[in-house]
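K.L.:
Contents of upload19.cif (mmCIF, C-alpha atoms):
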data_final
loop_
_atom_site.label_atom_id
_atom_site.label_comp_id
_atom_site.auth_asym_id
_atom_site.auth_seq_id
_atom_site.Cartn_x
_atom_site.Cartn_y
_atom_site.Cartn_z
CA MET A 118 0.00 0.00 0.00
CA THR A 119 1.71 3.13 -1.17
CA ALA A 120 -0.72 5.87 -0.15
CA LYS A 121 -0.73 7.00 3.44
CA LEU A 122 -4.04 6.30 5.17
CA ASN A 123 -6.03 9.23 6.43
CA ASN A 124 -7.66 9.09 9.84
CA SER A 125 -11.02 7.71 8.62
CA GLU A 126 -9.31 4.94 6.67
CA LYS A 127 -7.22 4.01 9.70
CA ILE A 128 -10.28 3.81 11.91
CA LEU A 129 -12.18 1.78 9.31
CA ALA A 130 -9.28 -0.65 9.01
CA GLU A 131 -9.10 -1.05 12.78
CA ILE A 132 -12.86 -1.69 13.03
CA PHE A 133 -12.80 -4.48 10.44
CA GLN A 134 -9.66 -6.03 11.93
CA THR A 135 -11.18 -5.92 15.41
CA ALA A 136 -14.40 -7.57 14.21
CA ARG A 137 -12.61 -10.58 12.77
CA ASN A 138 -10.33 -10.88 15.79
CA LEU A 139 -13.28 -10.82 18.18
CA LEU A 140 -14.68 -13.85 16.37
CA LYS A 141 -11.24 -15.51 16.54
CA LEU A 142 -11.29 -16.33 12.83
CA SER A 143 -8.43 -16.37 10.35
CA ILE A 144 -8.78 -14.48 7.09
CA ALA A 145 -9.42 -17.79 5.33
CA GLU A 146 -12.15 -18.76 7.84
CA TYR A 147 -13.68 -15.29 7.69
CA SER A 148 -13.82 -15.31 3.88
CA HIS A 149 -15.41 -18.78 3.99
CA LEU A 150 -18.06 -17.56 6.45
CA PHE A 151 -19.11 -14.73 4.14
CA GLU A 152 -18.36 -16.60 0.90
CA ILE A 153 -16.20 -13.72 -0.23
CA SER A 154 -12.63 -13.60 -1.52
CA GLU A 155 -9.76 -13.13 0.89
CA GLN A 156 -8.72 -10.13 -1.21
CA PHE A 157 -11.94 -8.32 -0.25
CA ILE A 158 -11.24 -9.04 3.42
CA LEU A 159 -7.71 -7.71 3.10
CA GLU A 160 -8.93 -4.54 1.39
CA LEU A 161 -11.45 -3.82 4.13
CA GLU A 162 -8.83 -4.45 6.80
CA ARG A 163 -6.60 -1.92 5.06
CA GLY A 164 -9.35 0.66 5.23
CA GLU A 165 -10.07 0.39 1.51
CA ILE A 166 -13.47 0.18 -0.19
CA PRO A 167 -13.65 -2.79 -2.61
CA ASP A 168 -14.53 -2.04 -6.25
CA THR A 169 -17.54 -4.37 -6.08
CA LEU A 170 -20.03 -3.56 -3.34
CA ASP A 171 -22.39 -6.53 -3.45
CA ASP A 172 -24.55 -8.37 -0.93
CA LYS A 173 -21.50 -10.09 0.56
CA VAL A 174 -19.79 -6.83 1.45
CA PHE A 175 -23.16 -5.57 2.75
CA LYS A 176 -23.39 -8.62 5.02
CA ILE A 177 -19.92 -7.99 6.42
CA LEU A 178 -20.89 -4.39 7.08
CA LEU A 179 -24.05 -5.50 8.90
CA SER A 180 -22.13 -8.07 10.93
CA VAL A 181 -19.51 -5.56 12.05
CA LEU A 182 -22.30 -3.14 12.94
CA SER A 183 -23.92 -5.80 15.11
CA LEU A 184 -20.71 -6.26 17.11
CA GLN A 185 -21.01 -2.62 18.25
CA ILE A 186 -17.31 -1.87 17.94
CA ASN A 187 -17.76 1.74 16.89
CA GLU A 188 -21.11 3.54 16.88
CA ASN A 189 -19.91 5.75 14.01
CA LEU A 190 -19.19 2.86 11.64
CA PHE A 191 -21.65 3.97 8.94
CA GLU A 192 -20.42 7.56 9.03
CA ILE A 193 -16.80 6.42 8.76
CA PHE A 194 -17.65 4.02 5.93
CA LEU A 195 -19.52 6.87 4.24
CA THR A 196 -16.51 9.19 4.50
CA VAL A 197 -14.09 6.66 3.02
CA THR A 198 -16.57 5.69 0.28
CA GLN A 199 -17.09 9.33 -0.68
CA LYS A 200 -13.32 9.63 -1.20
CA LYS A 201 -13.39 6.63 -3.57
CA TYR A 202 -16.45 7.88 -5.46
CA PRO A 203 -16.21 11.72 -5.28
CA ASN A 204 -18.77 12.19 -8.07
CA LEU A 205 -21.49 10.32 -6.20
CA LYS A 206 -23.66 12.39 -3.90
CA LEU A 207 -23.71 10.43 -0.66
CA ASP A 208 -25.19 12.79 1.89
CA ASN A 209 -26.29 10.17 4.38
CA THR A 210 -26.44 6.46 5.18
CA SER A 211 -29.65 6.00 3.19
CA ALA A 212 -28.01 7.40 0.07
CA LEU A 213 -25.00 5.15 0.65
CA LEU A 214 -27.12 2.01 0.86
CA LYS A 215 -29.37 2.86 -2.10
CA LYS A 216 -26.68 4.02 -4.51
CA LEU A 217 -23.94 1.53 -3.67
CA PHE A 218 -25.64 -1.61 -2.38
CA THR A 219 -29.32 -1.87 -3.28
CA GLN A 220 -28.77 -2.32 -7.02
CA ASN A 221 -26.28 -5.11 -6.33
CA LEU A 222 -28.33 -7.08 -3.78
CA SER A 223 -29.53 -10.42 -5.09
CA ASP A 224 -32.03 -11.06 -2.27
CA ASP A 225 -35.39 -9.55 -1.50
CA LEU A 226 -34.60 -8.16 1.93
CA SER A 227 -38.28 -8.03 2.90
CA LYS A 228 -37.89 -11.74 3.70
CA TYR A 229 -35.48 -10.76 6.47
CA PRO A 230 -37.27 -8.11 8.57
CA TRP A 231 -34.39 -7.98 11.08
CA VAL A 232 -32.37 -6.09 8.43
CA SER A 233 -34.64 -3.04 8.28
CA GLN A 234 -36.51 -3.24 11.58
CA THR A 235 -35.56 -3.05 15.23
CA VAL A 236 -36.09 -6.64 16.36
CA LYS A 237 -35.72 -8.23 19.78
CA PHE A 238 -34.27 -11.74 19.85
CA ARG A 239 -33.84 -13.76 23.02
CA CYS A 240 -31.82 -16.84 23.85
CA ARG A 241 -31.53 -19.32 26.66
CA LEU A 242 -29.27 -22.17 27.65
CA MET A 243 -30.37 -25.48 26.17
CA GLN A 244 -29.63 -28.91 27.57
CA LEU A 245 -29.73 -31.80 25.11
CA THR A 246 -28.09 -34.38 27.37
CA ASP A 247 -26.95 -34.23 30.98
CA GLN A 248 -24.64 -31.35 30.00
CA ALA A 249 -25.36 -27.80 28.95
CA ASN A 250 -24.49 -27.85 25.26
CA GLY A 251 -26.74 -25.59 23.28
CA ILE A 252 -28.66 -22.37 22.73
CA LEU A 253 -32.39 -21.85 22.31
CA LEU A 254 -33.12 -18.83 20.09
CA TRP A 255 -36.41 -17.06 19.41
CA ALA A 256 -37.80 -13.66 18.40
CA GLU A 257 -40.22 -11.90 20.72
CA ASP A 258 -42.48 -10.76 17.87
CA PRO A 259 -44.51 -13.73 16.48
CA ASN A 260 -44.31 -12.49 12.88
CA ILE A 261 -40.57 -11.98 13.09
CA HIS A 262 -40.16 -15.45 14.57
CA GLN A 263 -42.20 -17.02 11.78
CA ALA A 264 -39.95 -15.23 9.27
CA LEU A 265 -36.91 -16.70 11.03
CA VAL A 266 -38.31 -20.25 10.92
CA SER A 267 -39.25 -19.85 7.24
CA SER A 268 -35.82 -18.48 6.31
CA LEU A 269 -33.76 -21.22 7.87
CA LEU A 270 -32.58 -23.91 5.46
CA SER A 271 -31.44 -27.34 6.56
CA SER A 272 -27.80 -26.28 6.25
CA HIS A 273 -26.02 -22.95 6.49
CA ILE A 274 -22.55 -21.55 6.70
CA GLY A 275 -22.60 -19.81 10.07
CA HIS A 276 -20.79 -18.99 13.25
CA LEU A 277 -21.53 -19.11 16.98
CA SER A 278 -19.20 -17.67 19.58
CA LEU A 279 -18.89 -15.77 22.84
CA VAL A 280 -17.69 -12.16 22.77
CA ASP A 281 -17.32 -10.45 26.14
CA ASN A 282 -19.91 -12.84 27.60
CA HIS A 283 -22.33 -11.90 24.84
CA THR A 284 -23.63 -14.69 22.62
CA VAL A 285 -22.91 -14.14 18.93
CA ILE A 286 -24.94 -15.91 16.23
CA PHE A 287 -24.05 -15.17 12.60
CA ILE A 288 -25.89 -16.76 9.65
CA PRO A 289 -24.89 -14.62 6.64
CA LYS A 290 -27.20 -16.38 4.15
CA ILE A 291 -30.26 -14.91 5.89
CA TYR A 292 -28.60 -11.66 6.98
CA LEU A 293 -28.86 -12.70 10.64
CA PHE A 294 -26.15 -11.10 12.77
CA LEU A 295 -26.89 -11.18 16.48
CA LYS A 296 -24.89 -10.15 19.51
CA LEU A 297 -27.15 -11.09 22.40
CA ASN A 298 -26.53 -9.73 25.88
CA THR A 299 -26.20 -12.84 28.04
CA THR A 300 -23.86 -11.29 30.61
CA LYS A 301 -26.40 -11.86 33.40
CA SER A 302 -27.21 -15.46 32.54
CA GLN A 303 -25.36 -18.73 33.02
CA LEU A 304 -25.15 -19.32 29.27
CA PRO A 305 -21.62 -17.96 28.71
CA LEU A 306 -20.33 -19.56 31.91
CA LEU A 307 -21.67 -23.02 31.15
CA LEU A 308 -20.87 -23.01 27.43
CA TYR A 309 -17.45 -21.35 27.64
CA GLN A 310 -15.56 -24.65 27.74
CA ARG A 311 -17.40 -26.01 24.70
CA PHE A 312 -16.63 -22.84 22.74
CA ASN A 313 -13.03 -22.80 23.97
CA GLU A 314 -12.45 -26.44 23.00
CA LYS A 315 -14.30 -25.94 19.68
CA LEU A 316 -16.88 -28.60 20.47
CA PRO A 317 -20.22 -28.75 18.61
CA ILE A 318 -22.94 -26.44 19.92
CA GLY A 319 -26.66 -27.05 19.56
CA LEU A 320 -28.92 -24.30 18.21
CA SER A 321 -32.63 -24.86 18.73
CA ILE A 322 -35.39 -22.78 17.12
CA PRO A 323 -39.04 -23.23 18.22
CA LYS A 324 -41.23 -23.98 15.19
CA GLU A 325 -43.94 -21.71 16.59
CA PRO A 326 -43.51 -18.41 18.42
CA PHE A 327 -43.91 -18.39 22.18
CA LEU A 328 -47.11 -16.73 23.39
CA VAL A 329 -45.23 -14.83 26.10
CA LYS A 330 -42.02 -12.82 26.08
CA SER A 331 -40.26 -15.07 28.58
CA PRO A 332 -41.63 -18.64 28.51
CA THR A 333 -41.37 -21.00 31.46
CA GLN A 334 -39.10 -24.01 31.31
CA ILE A 335 -42.17 -26.22 30.89
CA GLU A 336 -43.27 -24.18 27.87
CA VAL A 337 -39.76 -24.42 26.45
CA ASN A 338 -39.62 -28.17 26.96
CA ASP A 339 -43.05 -28.71 25.37
CA ALA A 340 -42.34 -26.56 22.31
CA ASN A 341 -41.85 -28.29 18.97
CA LYS A 342 -38.40 -27.26 17.77
CA ARG A 343 -35.97 -27.41 14.88
CA LEU A 344 -32.56 -28.56 16.10
CA PHE A 345 -29.32 -27.46 14.45
CA ILE A 346 -25.74 -28.35 15.29
CA PHE A 347 -22.96 -25.81 14.87
CA SER A 348 -19.63 -27.40 13.88
CA PRO A 349 -16.76 -24.98 14.72
CA ASP A 350 -14.23 -26.78 12.52
CA SER A 351 -16.23 -26.02 9.37
CA ASN A 352 -18.32 -23.03 10.50
CA SER A 353 -21.42 -24.94 9.45
CA ILE A 354 -24.90 -25.08 10.98
CA SER A 355 -26.78 -28.24 10.01
CA GLU A 356 -30.25 -29.38 10.96
CA ILE A 357 -30.70 -32.69 12.77
CA VAL A 358 -33.85 -34.48 11.64
CA PHE A 359 -35.14 -37.25 13.89
#
Kindly return the structure encoded in the file as structure tokens.
P.N.:
Amino acid sequence: MTAKLNNSEKILAEIFQTARNLLKLSIAEYSHLFEISEQFILELERGEIPDTLDDKVFKILLSVLSLQINENLFEIFLTVTQKKYPNLKLDNTSALLKKLFTQNLSDDLSKYPWVSQTVKFRCRLMQLTDQANGILLWAEDPNIHQALVSSLLSSHIGHLSLVDNHTVIFIPKIYLFLKLNTTKSQLPLLLYQRFNEKLPIGLSIPKEPFLVKSPTQIEVNDANKRLFIFSPDSNSISEIVF
């Protein structure tokens, strides 16, 4: 890199580097997760805007935003993008998304309401055997939860991890990037060893939304669920069908 980075580019580079490091993924693993070339990852981590701004770059941007590393991420990205495309009028985040990303998105984002709406997801420790080894995930809003169930395929590239005792669930295919505050629950404490030793983690999704915001354990146990297993070695989330 011959040109000296300005302050915005330096900050952008640091944000993208920090995001990948928080997930404890190599560049190769990170590119596999987002199905994007390693070159794109390297460019972003140098504070550069890739020439092609497609849905994959958009997903990385959303994922980094979800990690809450820097609340000014969009503004910083906007500043660096404006330098690359000085003839484009990018007055705000909306203009940035419409002019640079929308025309290149291959998905109908209305299928994924968590992209454009403020959505509350909740999770709880799940016990499949005599050991704590999984996570139960649901959306508080019934319609949002139904959209989640409908969007999930039988197999996804994805990632589960713990970041500062928050539970992170990334499924790029469906634009789902969650950093759930579980600092006050036993979930991080009881699952830390499984994450640390890169053991499989269960991910359970109720087939129907709960009728209350915080269901009882009996309601959780009685719920009909889809069960997925996250394999850390391949960053894959696969459904188990009984």
K.L.:
Dump as a PyMOL selection string all residues having an atom at most 12 Å from (-14.7, -10.0, -2.4), computed in the file's coordinates with only C-alpha atoms.
P.N.:
chain A and resi 147-149+151-161+166-177
K.L.:
Hey, what comes out of the PyMOL selection byres ((chain A and resi 259) around 9) on this file? Could you write it as a list in words?
P.N.:
Ala256, Glu257, Asp258, Asn260, Ile261, His262, Gln263, Ala264, Glu325, Pro326, Phe327 and Leu328 of chain A
K.L.:
Please identify all polymer residues within 12 Å of Leu306 in chain A, counting all atoms listed in the file, omitting same-chain residues fewer than 3 positions from it, and present them as a ChimeraX atom specification.
P.N.:
/A:242,249-250,279,281-284,299-303,309-313
K.L.:
Pick out the closest residue to Asp225 in chain A from this set: A:Tyr292, A:Trp255, A:Phe287, A:Tyr202. Count only C-alpha atoms.
P.N.:
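Answer, going by the shortest atom-to-atom distance: A:Tyr292.
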K.L.:
Of the residues A:Ser268, A:Ser180, A:Ser353, A:Ser233, which is the one nearest to Arg137 in chain A, using all atoms listed in the file?
P.N.:
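Smallest distance to Arg137 in chain A is found for A:Ser180.
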K.L.:
Please identify all polymer residues within 10 Å of Leu207 in chain A, counting all atoms listed in the file, omitting same-chain residues fewer than 6 positions from it, and present them as an mmCIF file with C-alpha atoms, keeping the file's coordinate frame.
P.N.:
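For reference, part_2.cif as written:
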data_model
loop_
_atom_site.group_PDB
_atom_site.id
_atom_site.type_symbol
_atom_site.label_atom_id
_atom_site.label_comp_id
_atom_site.auth_asym_id
_atom_site.auth_seq_id
_atom_site.Cartn_x
_atom_site.Cartn_y
_atom_site.Cartn_z
ATOM 1 C CA LEU A 195 -19.520 6.870 4.240
ATOM 2 C CA THR A 196 -16.510 9.190 4.500
ATOM 3 C CA THR A 198 -16.570 5.690 0.280
ATOM 4 C CA GLN A 199 -17.090 9.330 -0.680
ATOM 5 C CA LEU A 213 -25.000 5.150 0.650
ATOM 6 C CA LEU A 214 -27.120 2.010 0.860
ATOM 7 C CA LYS A 215 -29.370 2.860 -2.100
ATOM 8 C CA LYS A 216 -26.680 4.020 -4.510
ATOM 9 C CA LEU A 217 -23.940 1.530 -3.670
#
K.L.:
Pick from A:Asp339, A:Asp350, A:Asp208, A:Glu356: nearest to Gly319 in chain A, with all atoms listed in the file counted?
P.N.:
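Among the listed residues, the smallest separation from Gly319 in chain A belongs to A:Glu356.
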K.L.:
Dig up all the protein and nucleic acid residues within 7 Å of (-39.3, -26.3, 20.5) in the file frame, using all atoms listed in the file, and format them as a short mmCIF file (atom, residue, chain, number, x, y, z; two decimals) with C-alpha atoms, keeping the file's coordinate frame.
P.N.:
data_model
loop_
_atom_site.label_atom_id
_atom_site.label_comp_id
_atom_site.auth_asym_id
_atom_site.auth_seq_id
_atom_site.Cartn_x
_atom_site.Cartn_y
_atom_site.Cartn_z
CA ILE A 322 -35.39 -22.78 17.12
CA PRO A 323 -39.04 -23.23 18.22
CA LYS A 324 -41.23 -23.98 15.19
CA VAL A 337 -39.76 -24.42 26.45
CA ASN A 338 -39.62 -28.17 26.96
CA ASP A 339 -43.05 -28.71 25.37
CA ALA A 340 -42.34 -26.56 22.31
CA ASN A 341 -41.85 -28.29 18.97
CA LYS A 342 -38.40 -27.26 17.77
CA ARG A 343 -35.97 -27.41 14.88
#
